[in-house]
$ cat model-v9.cif   # mmCIF, C-alpha atoms
data_run
loop_
_atom_site.label_atom_id
_atom_site.label_comp_id
_atom_site.auth_asym_id
_atom_site.auth_seq_id
_atom_site.Cartn_x
_atom_site.Cartn_y
_atom_site.Cartn_z
CA PRO W 1059 -33.49 26.52 -52.40
CA ARG W 1060 -29.77 26.21 -52.98
CA PRO W 1061 -28.25 23.14 -54.62
CA ARG W 1062 -25.16 21.56 -53.13
CA TRP W 1063 -23.05 22.90 -56.01
CA ILE W 1064 -23.89 26.53 -56.74
CA PRO W 1065 -23.01 27.64 -60.28
CA LEU W 1066 -21.32 30.91 -61.19
CA SER W 1067 -23.14 33.81 -62.80
CA PRO W 1068 -22.05 34.66 -66.37
CA ALA W 1069 -20.15 37.69 -65.02
CA GLN W 1070 -18.35 35.51 -62.47
CA LYS W 1071 -17.47 32.98 -65.19
CA ARG W 1072 -15.68 35.72 -67.12
CA MET W 1073 -13.73 36.73 -64.02
CA TRP W 1074 -12.97 33.09 -63.20
CA PHE W 1075 -11.58 32.39 -66.67
CA LEU W 1076 -9.40 35.52 -66.67
CA ASN W 1077 -8.16 34.71 -63.16
CA GLN W 1078 -7.23 31.13 -64.00
CA TYR W 1079 -5.48 32.30 -67.16
CA ASP W 1080 -3.04 34.18 -64.89
CA THR W 1081 -3.52 33.95 -61.11
CA THR W 1082 -0.59 36.32 -60.51
CA SER W 1083 -2.24 39.21 -62.36
CA PRO W 1084 -3.55 42.11 -60.22
CA ALA W 1085 -5.66 43.46 -63.10
CA TYR W 1086 -8.94 42.68 -61.32
CA ASN W 1087 -7.88 43.60 -57.78
CA ILE W 1088 -9.95 46.32 -56.11
CA PRO W 1089 -7.64 48.07 -53.61
CA LEU W 1090 -8.72 50.34 -50.77
CA THR W 1091 -6.32 52.12 -48.41
CA LEU W 1092 -7.57 53.88 -45.27
CA HIS W 1093 -5.68 56.37 -43.07
CA LEU W 1094 -6.75 55.81 -39.47
CA THR W 1095 -5.77 58.51 -36.97
CA GLY W 1096 -6.27 58.62 -33.22
CA ASN W 1097 -6.61 55.73 -30.81
CA LEU W 1098 -7.18 52.49 -32.71
CA ASP W 1099 -8.75 49.47 -31.04
CA THR W 1100 -7.19 46.66 -33.08
CA THR W 1101 -9.23 43.99 -31.29
CA ALA W 1102 -12.46 45.81 -32.17
CA LEU W 1103 -11.22 46.16 -35.76
CA GLU W 1104 -10.60 42.41 -36.04
CA HIS W 1105 -14.07 41.73 -34.64
CA ALA W 1106 -15.55 44.19 -37.14
CA LEU W 1107 -13.80 42.45 -40.05
CA THR W 1108 -15.11 39.13 -38.73
CA ASP W 1109 -18.63 40.60 -38.70
CA LEU W 1110 -18.09 41.87 -42.23
CA THR W 1111 -17.13 38.47 -43.67
CA THR W 1112 -19.87 36.78 -41.66
CA ARG W 1113 -22.50 39.17 -43.03
CA HIS W 1114 -21.39 39.10 -46.67
CA GLU W 1115 -21.09 35.56 -48.05
CA THR W 1116 -19.14 36.65 -51.12
CA LEU W 1117 -16.20 37.67 -48.91
CA ARG W 1118 -15.80 34.05 -47.76
CA THR W 1119 -16.48 32.33 -51.08
CA THR W 1120 -14.00 30.41 -53.21
CA TYR W 1121 -14.61 29.08 -56.72
CA PRO W 1122 -13.23 25.55 -57.13
CA LEU W 1123 -13.90 23.19 -60.01
CA HIS W 1124 -16.47 20.41 -59.67
CA HIS W 1125 -16.76 17.94 -62.57
CA GLY W 1126 -15.01 20.44 -64.81
CA GLN W 1127 -17.24 23.39 -63.92
CA PRO W 1128 -16.43 26.27 -61.50
CA THR W 1129 -18.73 26.45 -58.49
CA GLN W 1130 -19.35 28.82 -55.59
CA HIS W 1131 -18.14 27.32 -52.33
CA ILE W 1132 -19.33 29.45 -49.40
CA HIS W 1133 -17.18 28.79 -46.34
CA PRO W 1134 -18.52 28.93 -42.77
CA PRO W 1135 -17.76 32.16 -40.87
CA THR W 1136 -14.42 32.15 -39.06
CA PRO W 1137 -12.57 34.80 -37.00
CA HIS W 1138 -10.76 37.22 -39.27
CA HIS W 1139 -7.02 37.49 -38.62
CA LEU W 1140 -5.63 40.97 -39.35
CA PRO W 1141 -1.85 40.92 -40.03
CA THR W 1142 -0.18 43.92 -38.40
CA THR W 1143 3.23 45.39 -39.25
CA ASN W 1144 5.21 48.35 -37.90
CA ALA W 1145 6.30 50.50 -40.83
CA THR W 1146 7.85 53.86 -41.62
CA GLU W 1147 6.56 56.44 -44.10
CA THR W 1148 9.42 55.44 -46.41
CA GLU W 1149 8.56 51.73 -46.29
CA LEU W 1150 4.80 52.24 -46.65
CA PRO W 1151 4.58 52.63 -50.47
CA HIS W 1152 6.43 49.34 -50.98
CA HIS W 1153 4.11 47.54 -48.54
CA ILE W 1154 0.95 48.97 -50.14
CA THR W 1155 2.19 48.15 -53.64
CA THR W 1156 2.90 44.56 -52.59
CA ASP W 1157 -0.55 44.22 -51.01
CA THR W 1158 -2.44 45.65 -53.95
CA THR W 1159 -0.51 43.94 -56.77
CA THR W 1160 -0.40 40.41 -55.36
CA GLY W 1161 -2.81 38.23 -57.30
CA PHE W 1162 -5.57 35.90 -56.08
CA ASP W 1163 -6.22 32.30 -57.07
CA VAL W 1164 -9.99 32.38 -56.71
CA THR W 1165 -10.21 28.57 -56.62
CA THR W 1166 -8.48 28.57 -53.21
CA ASP W 1167 -8.22 32.19 -51.96
CA THR W 1168 -11.15 34.03 -50.41
CA PRO W 1169 -11.52 37.38 -52.20
CA LEU W 1170 -10.63 39.74 -49.34
CA ARG W 1171 -7.09 40.45 -48.14
CA THR W 1172 -6.32 42.90 -45.31
CA HIS W 1173 -3.22 44.32 -43.63
CA LEU W 1174 -2.71 46.93 -40.92
CA TYR W 1175 0.43 49.10 -40.79
CA GLN W 1176 1.34 51.08 -37.68
CA LEU W 1177 3.30 54.25 -38.46
CA THR W 1178 2.91 55.72 -34.97
CA PRO W 1179 0.73 54.76 -31.99
CA HIS W 1180 -1.88 57.20 -33.35
CA HIS W 1181 -1.51 56.72 -37.10
CA HIS W 1182 -2.34 53.46 -38.88
CA ILE W 1183 -2.90 52.46 -42.49
CA LEU W 1184 -5.44 49.73 -43.27
CA THR W 1185 -5.30 48.10 -46.70
CA LEU W 1186 -8.19 46.05 -48.05
CA VAL W 1187 -7.89 44.29 -51.40
CA LEU W 1188 -10.89 42.57 -52.98
CA HIS W 1189 -11.11 40.51 -56.14
CA HIS W 1190 -13.59 41.61 -58.78
CA ILE W 1191 -15.22 38.15 -58.91
CA SER W 1192 -16.92 39.01 -55.61
CA ALA W 1193 -17.10 42.81 -55.58
CA ASP W 1194 -17.19 45.94 -57.72
CA GLY W 1195 -16.82 49.67 -57.19
CA HIS W 1196 -20.33 49.97 -55.75
CA SER W 1197 -19.49 47.29 -53.17
CA LEU W 1198 -17.10 49.64 -51.37
CA THR W 1199 -19.94 51.79 -50.00
CA PRO W 1200 -21.77 49.04 -48.07
CA LEU W 1201 -18.41 47.51 -47.12
CA LEU W 1202 -17.14 50.70 -45.47
CA ARG W 1203 -20.53 51.46 -43.94
CA ASP W 1204 -20.78 48.02 -42.32
CA LEU W 1205 -17.14 48.11 -41.22
CA ALA W 1206 -17.58 51.51 -39.55
CA THR W 1207 -20.85 50.48 -37.89
CA THR W 1208 -19.52 47.22 -36.47
CA TYR W 1209 -16.18 48.75 -35.41
CA THR W 1210 -17.96 51.54 -33.53
CA ALA W 1211 -20.18 49.01 -31.77
CA HIS W 1212 -17.24 46.85 -30.71
CA THR W 1213 -15.26 49.83 -29.36
CA HIS W 1214 -18.21 50.38 -26.98
CA HIS W 1215 -18.41 46.64 -26.23
CA HIS W 1216 -21.83 46.39 -27.86
CA THR W 1217 -23.16 43.78 -30.23
CA PRO W 1218 -23.58 45.38 -33.69
CA HIS W 1219 -27.18 45.61 -34.87
CA LEU W 1220 -27.38 45.41 -38.65
CA THR W 1221 -30.51 44.66 -40.64
CA PRO W 1222 -30.18 41.02 -41.79
CA LEU W 1223 -29.61 40.60 -45.52
CA THR W 1224 -32.56 38.98 -47.28
CA ILE W 1225 -30.60 38.00 -50.38
CA HIS W 1226 -27.00 37.16 -51.28
CA TYR W 1227 -25.20 36.98 -54.61
CA ALA W 1228 -25.59 33.21 -54.70
CA ASP W 1229 -29.38 33.68 -54.62
CA TYR W 1230 -29.16 36.20 -57.47
CA THR W 1231 -27.04 33.73 -59.45
CA LEU W 1232 -29.63 30.98 -59.12
CA TRP W 1233 -32.42 33.39 -60.17
CA GLN W 1234 -30.35 34.49 -63.18
CA HIS W 1235 -29.78 30.90 -64.30
CA GLN W 1236 -33.48 30.17 -63.91
CA LEU W 1237 -34.37 33.25 -65.96
CA LEU W 1238 -31.85 32.71 -68.77
CA GLY W 1239 -32.14 28.94 -69.09
CA THR W 1240 -29.49 26.89 -70.89
CA THR W 1241 -27.93 26.96 -74.34
CA GLU W 1242 -29.14 23.38 -74.85
CA ASP W 1243 -32.72 24.71 -74.95
CA PRO W 1244 -33.30 26.33 -78.39
CA HIS W 1245 -36.15 28.43 -76.96
CA SER W 1246 -34.41 29.70 -73.82
CA LEU W 1247 -33.75 33.40 -73.26
CA ILE W 1248 -29.98 32.94 -73.31
CA THR W 1249 -30.11 31.06 -76.64
CA THR W 1250 -32.32 33.78 -78.14
CA GLN W 1251 -29.98 36.53 -76.96
CA LEU W 1252 -26.83 34.75 -78.13
CA HIS W 1253 -28.39 34.19 -81.56
CA TYR W 1254 -29.35 37.87 -81.82
CA TRP W 1255 -25.91 39.22 -80.89
CA LYS W 1256 -24.00 36.75 -83.06
CA ASN W 1257 -26.05 37.87 -86.06
CA THR W 1258 -25.78 41.55 -85.14
CA LEU W 1259 -22.01 41.54 -84.62
CA HIS W 1260 -20.80 38.97 -87.13
CA THR W 1261 -19.59 41.58 -89.66
CA LEU W 1262 -17.39 43.46 -87.19
CA PRO W 1263 -13.59 43.08 -87.54
CA ASP W 1264 -11.66 41.19 -84.88
CA LEU W 1265 -9.69 44.34 -84.05
CA LEU W 1266 -10.81 47.92 -84.57
CA PRO W 1267 -8.03 49.87 -86.35
CA LEU W 1268 -8.23 52.88 -84.03
CA PRO W 1269 -5.37 55.40 -84.19
CA THR W 1270 -3.35 55.45 -80.96
CA ASP W 1271 -0.57 57.65 -79.59
CA HIS W 1272 1.51 54.71 -78.47
CA PRO W 1273 1.71 51.07 -79.60
CA ARG W 1274 0.18 48.55 -77.23
CA PRO W 1275 3.01 46.95 -75.21
CA PRO W 1276 3.34 43.15 -75.22
CA GLN W 1277 2.94 43.15 -71.44
CA ARG W 1278 0.65 45.41 -69.44
CA THR W 1279 2.18 47.72 -66.85
#
$ encode --input "model-v9.cif" --output "structure tokens"
Amino acid sequence: PRPRWIPLSPAQKRMWFLNQYDTTSPAYNIPLTLHLTGNLDTTALEHALTDLTTRHETLRTTYPLHHGQPTQHIHPPTPHHLPTTNATETELPHHITTDTTTGFDVTTDTPLRTHLYQLTPHHHILTLVLHHISADGHSLTPLLRDLATTYTAHTHHHTPHLTPLTIHYADYTLWQHQLLGTTEDPHSLITTQLHYWKNTLHTLPDLLPLPTDHPRPPQRT
């Protein structure tokens, strides 16, 4: 059973903190750019993206604060709007760079951003940018598989038939919290693990003096 306010997993808490430290940073964006050649059914593509966000809750989840703690807010499915722009080969790198380097504020922005660029009537570029709080590198395989399956179905005016998902990340999060327990409980698994690693790592220096070819710049490029 899900509570009204779903907590974040420890991994999501790390991403949430880093995101709120600087919501303009693209450091945890996961960009994907697809060349689409041939006849493109943009209506079918929009329907497929709608199916994608409907199927995968994390793609329509924001992470607002509630009583000082970040929570998972899963929004109801809505039709996905795909912005479309005519572009030239010369303009395309600027557009893709803008798409992929624009940050997310995960408290208000759902973690999937899309844009379609038409170079010619038979050559399009689709950009998808996800935030790492809701996806990782392995997520791209099911994402592309489901997008291709649903798009193909819609181009033939069929209803896509995908095996319903039996579990979502929110369910995993609740299981993980149940397994680890809380730091207030001295006998919980998370307390035991924290105690072990604090004792194991307490003699390490704050910064490893590794030799490097170049000094670390004050601002990442």
$ closest_residue --input "model-v9.cif" --among "W:Thr1101, W:Thr1159, W:Thr1148, W:Ser1197" --to "Leu1177 (chain W)" --atoms "only C-alpha atoms"
W:Thr1148
$ atom_distance --input "model-v9.cif" --atom1 "CA of His1105 (chain W)" --atom2 "CA of Thr1165 (chain W)"
25.9 Å
$ atom_distance --input "model-v9.cif" --atom1 "CA of Tyr1121 (chain W)" --atom2 "CA of His1133 (chain W)"
10.7 Å
$ atom_distance --input "model-v9.cif" --atom1 "CA of Lys1071 (chain W)" --atom2 "CA of Ser1246 (chain W)"
19.3 Å
$ closest_residue --input "model-v9.cif" --among "W:Pro1263, W:Pro1128, W:Pro1218, W:Pro1179" --to "Leu1110 (chain W)" --atoms "all atoms listed in the file"
W:Pro1218
$ closest_atom_pairs --input "model-v9.cif" --of "region 1153-1244 of chain W" --to "region 1072-1086 of chain W" --cutoff "12 Å" --atoms "all atoms listed in the file" --output "tab-separated table"
residue	atom	partner	partner_atom	distance
W:Thr1155	CA	W:Pro1084	CA	10.6
W:Thr1156	CA	W:Pro1084	CA	10.3
W:Asp1157	CA	W:Pro1084	CA	9.9
W:Thr1158	CA	W:Pro1084	CA	7.3
W:Thr1159	CA	W:Pro1084	CA	4.9
W:Thr1160	CA	W:Pro1084	CA	6.0
W:Gly1161	CA	W:Thr1082	CA	4.3
W:Phe1162	CA	W:Thr1081	CA	5.8
W:Asp1163	CA	W:Thr1081	CA	5.1
W:Val1164	CA	W:Asn1077	CA	7.1
W:Thr1165	CA	W:Gln1078	CA	8.4
W:Thr1166	CA	W:Thr1081	CA	10.8
W:Asp1167	CA	W:Thr1081	CA	10.4
W:Pro1169	CA	W:Tyr1086	CA	10.9
W:Val1187	CA	W:Pro1084	CA	10.1
W:Leu1188	CA	W:Tyr1086	CA	8.6
W:His1189	CA	W:Tyr1086	CA	6.0
W:His1190	CA	W:Tyr1086	CA	5.4
W:Ile1191	CA	W:Met1073	CA	5.5
W:Ser1192	CA	W:Met1073	CA	9.3
W:Ala1193	CA	W:Tyr1086	CA	10.0
W:Asp1194	CA	W:Tyr1086	CA	9.6
W:Gly1195	CA	W:Tyr1086	CA	11.3
$ residues_around --input "model-v9.cif" --residues "region 1222-1226 of chain W" --least-positions-apart "2" --cutoff "8 Å" --atoms "all atoms listed in the file" --output "list in words"
Arg1113, His1114, Glu1115, Thr1116, Leu1220, Ala1228, Asp1229 and Tyr1230 of chain W
$ closest_residue --input "model-v9.cif" --among "W:Thr1178, W:Thr1108, W:Asn1087, W:Ser1067" --to "Thr1208 (chain W)" --atoms "only C-alpha atoms"
W:Thr1108
$ resolve_selection --input "model-v9.cif" --expression "the PyMOL selection byres ((chain W and resi 1144) around 6)" --output "list in words"
Thr1143, Ala1145, Tyr1175 and Gln1176 of chain W
$ resolve_selection --input "model-v9.cif" --expression "the PyMOL selection byres ((chain W and resi 1174) around 6)" --output "list of chain:residue names"
W:Thr1142, W:His1173, W:Tyr1175, W:Ile1183, W:Leu1184
$ resolve_selection --input "model-v9.cif" --expression "the PyMOL selection byres ((chain W and resi 1063) around 9)" --output "VMD selection string"
chain W and resid 1060 to 1062 1064 to 1065 1124 1129 to 1131
$ build_atoms --input "model-v9.cif" --residues "region 1071-1082 of chain W" --atoms "all heavy atoms" --output "mmCIF file, in the coordinates of the input"
data_model
loop_
_atom_site.group_PDB
_atom_site.id
_atom_site.type_symbol
_atom_site.label_atom_id
_atom_site.label_comp_id
_atom_site.auth_asym_id
_atom_site.auth_seq_id
_atom_site.Cartn_x
_atom_site.Cartn_y
_atom_site.Cartn_z
ATOM 1 N N LYS W 1071 -18.200 33.900 -64.304
ATOM 2 C CA LYS W 1071 -17.470 32.980 -65.190
ATOM 3 C C LYS W 1071 -16.393 33.708 -65.968
ATOM 4 O O LYS W 1071 -15.285 33.186 -66.171
ATOM 5 C CB LYS W 1071 -18.434 32.281 -66.150
ATOM 6 C CG LYS W 1071 -19.194 31.120 -65.535
ATOM 7 C CD LYS W 1071 -19.989 30.370 -66.598
ATOM 8 C CE LYS W 1071 -20.669 29.144 -66.003
ATOM 9 N NZ LYS W 1071 -21.425 28.394 -67.048
ATOM 10 N N ARG W 1072 -16.700 34.925 -66.421
ATOM 11 C CA ARG W 1072 -15.680 35.720 -67.120
ATOM 12 C C ARG W 1072 -14.497 36.001 -66.203
ATOM 13 O O ARG W 1072 -13.336 35.845 -66.593
ATOM 14 C CB ARG W 1072 -16.293 37.032 -67.626
ATOM 15 C CG ARG W 1072 -17.309 36.857 -68.726
ATOM 16 C CD ARG W 1072 -17.595 38.184 -69.421
ATOM 17 N NE ARG W 1072 -18.209 39.163 -68.534
ATOM 18 C CZ ARG W 1072 -19.527 39.262 -68.332
ATOM 19 N NH1 ARG W 1072 -20.351 38.435 -68.944
ATOM 20 N NH2 ARG W 1072 -20.017 40.199 -67.547
ATOM 21 N N MET W 1073 -14.797 36.429 -64.985
ATOM 22 C CA MET W 1073 -13.730 36.730 -64.020
ATOM 23 C C MET W 1073 -12.933 35.473 -63.684
ATOM 24 O O MET W 1073 -11.702 35.511 -63.541
ATOM 25 C CB MET W 1073 -14.322 37.313 -62.741
ATOM 26 C CG MET W 1073 -14.822 38.736 -62.862
ATOM 27 S SD MET W 1073 -13.491 39.910 -63.157
ATOM 28 C CE MET W 1073 -13.739 40.243 -64.899
ATOM 29 N N TRP W 1074 -13.627 34.348 -63.547
ATOM 30 C CA TRP W 1074 -12.970 33.090 -63.200
ATOM 31 C C TRP W 1074 -11.995 32.684 -64.297
ATOM 32 O O TRP W 1074 -10.855 32.300 -64.022
ATOM 33 C CB TRP W 1074 -14.026 32.002 -62.987
ATOM 34 C CG TRP W 1074 -13.486 30.719 -62.445
ATOM 35 C CD1 TRP W 1074 -13.406 30.347 -61.124
ATOM 36 C CD2 TRP W 1074 -12.954 29.615 -63.198
ATOM 37 N NE1 TRP W 1074 -12.852 29.093 -61.013
ATOM 38 C CE2 TRP W 1074 -12.561 28.612 -62.270
ATOM 39 C CE3 TRP W 1074 -12.766 29.372 -64.555
ATOM 40 C CZ2 TRP W 1074 -12.000 27.403 -62.666
ATOM 41 C CZ3 TRP W 1074 -12.208 28.168 -64.948
ATOM 42 C CH2 TRP W 1074 -11.833 27.202 -64.005
ATOM 43 N N PHE W 1075 -12.441 32.777 -65.553
ATOM 44 C CA PHE W 1075 -11.580 32.390 -66.670
ATOM 45 C C PHE W 1075 -10.339 33.279 -66.715
ATOM 46 O O PHE W 1075 -9.205 32.799 -66.847
ATOM 47 C CB PHE W 1075 -12.340 32.489 -67.993
ATOM 48 C CG PHE W 1075 -11.468 32.282 -69.193
ATOM 49 C CD1 PHE W 1075 -11.121 31.007 -69.608
ATOM 50 C CD2 PHE W 1075 -10.960 33.368 -69.892
ATOM 51 C CE1 PHE W 1075 -10.299 30.812 -70.708
ATOM 52 C CE2 PHE W 1075 -10.132 33.186 -70.994
ATOM 53 C CZ PHE W 1075 -9.799 31.903 -71.400
ATOM 54 N N LEU W 1076 -10.532 34.594 -66.616
ATOM 55 C CA LEU W 1076 -9.400 35.520 -66.670
ATOM 56 C C LEU W 1076 -8.450 35.290 -65.498
ATOM 57 O O LEU W 1076 -7.234 35.395 -65.641
ATOM 58 C CB LEU W 1076 -9.910 36.961 -66.670
ATOM 59 C CG LEU W 1076 -10.640 37.390 -67.939
ATOM 60 C CD1 LEU W 1076 -11.390 38.699 -67.716
ATOM 61 C CD2 LEU W 1076 -9.661 37.524 -69.108
ATOM 62 N N ASN W 1077 -8.999 34.977 -64.320
ATOM 63 C CA ASN W 1077 -8.160 34.710 -63.160
ATOM 64 C C ASN W 1077 -7.335 33.450 -63.343
ATOM 65 O O ASN W 1077 -6.132 33.426 -63.047
ATOM 66 C CB ASN W 1077 -9.019 34.596 -61.902
ATOM 67 C CG ASN W 1077 -8.216 34.185 -60.687
ATOM 68 O OD1 ASN W 1077 -8.226 33.019 -60.280
ATOM 69 N ND2 ASN W 1077 -7.491 35.122 -60.108
ATOM 70 N N GLN W 1078 -7.954 32.385 -63.843
ATOM 71 C CA GLN W 1078 -7.230 31.130 -64.000
ATOM 72 C C GLN W 1078 -6.232 31.192 -65.150
ATOM 73 O O GLN W 1078 -5.260 30.449 -65.173
ATOM 74 C CB GLN W 1078 -8.223 29.976 -64.211
ATOM 75 C CG GLN W 1078 -9.068 29.678 -62.980
ATOM 76 C CD GLN W 1078 -8.205 29.322 -61.779
ATOM 77 O OE1 GLN W 1078 -7.606 28.248 -61.714
ATOM 78 N NE2 GLN W 1078 -8.129 30.233 -60.813
ATOM 79 N N TYR W 1079 -6.450 32.089 -66.084
ATOM 80 C CA TYR W 1079 -5.480 32.300 -67.160
ATOM 81 C C TYR W 1079 -4.168 32.821 -66.590
ATOM 82 O O TYR W 1079 -3.094 32.468 -67.068
ATOM 83 C CB TYR W 1079 -6.065 33.292 -68.169
ATOM 84 C CG TYR W 1079 -5.224 33.492 -69.396
ATOM 85 C CD1 TYR W 1079 -5.176 32.530 -70.398
ATOM 86 C CD2 TYR W 1079 -4.479 34.656 -69.569
ATOM 87 C CE1 TYR W 1079 -4.408 32.712 -71.535
ATOM 88 C CE2 TYR W 1079 -3.713 34.858 -70.702
ATOM 89 C CZ TYR W 1079 -3.675 33.872 -71.678
ATOM 90 O OH TYR W 1079 -2.911 34.063 -72.797
ATOM 91 N N ASP W 1080 -4.244 33.659 -65.545
ATOM 92 C CA ASP W 1080 -3.040 34.180 -64.890
ATOM 93 C C ASP W 1080 -3.395 34.581 -63.463
ATOM 94 O O ASP W 1080 -3.880 35.691 -63.221
ATOM 95 C CB ASP W 1080 -2.470 35.375 -65.660
ATOM 96 C CG ASP W 1080 -1.191 35.923 -65.030
ATOM 97 O OD1 ASP W 1080 -0.676 35.299 -64.081
ATOM 98 O OD2 ASP W 1080 -0.706 36.974 -65.493
ATOM 99 N N THR W 1081 -3.148 33.676 -62.509
ATOM 100 C CA THR W 1081 -3.520 33.950 -61.110
ATOM 101 C C THR W 1081 -2.595 34.969 -60.447
ATOM 102 O O THR W 1081 -2.896 35.432 -59.342
ATOM 103 C CB THR W 1081 -3.510 32.650 -60.287
ATOM 104 O OG1 THR W 1081 -2.206 32.047 -60.373
ATOM 105 C CG2 THR W 1081 -4.561 31.676 -60.783
ATOM 106 N N THR W 1082 -1.493 35.318 -61.096
ATOM 107 C CA THR W 1082 -0.590 36.320 -60.510
ATOM 108 C C THR W 1082 -0.974 37.741 -60.917
ATOM 109 O O THR W 1082 -0.425 38.704 -60.373
ATOM 110 C CB THR W 1082 0.870 36.068 -60.953
ATOM 111 O OG1 THR W 1082 0.979 36.270 -62.376
ATOM 112 C CG2 THR W 1082 1.303 34.655 -60.612
#
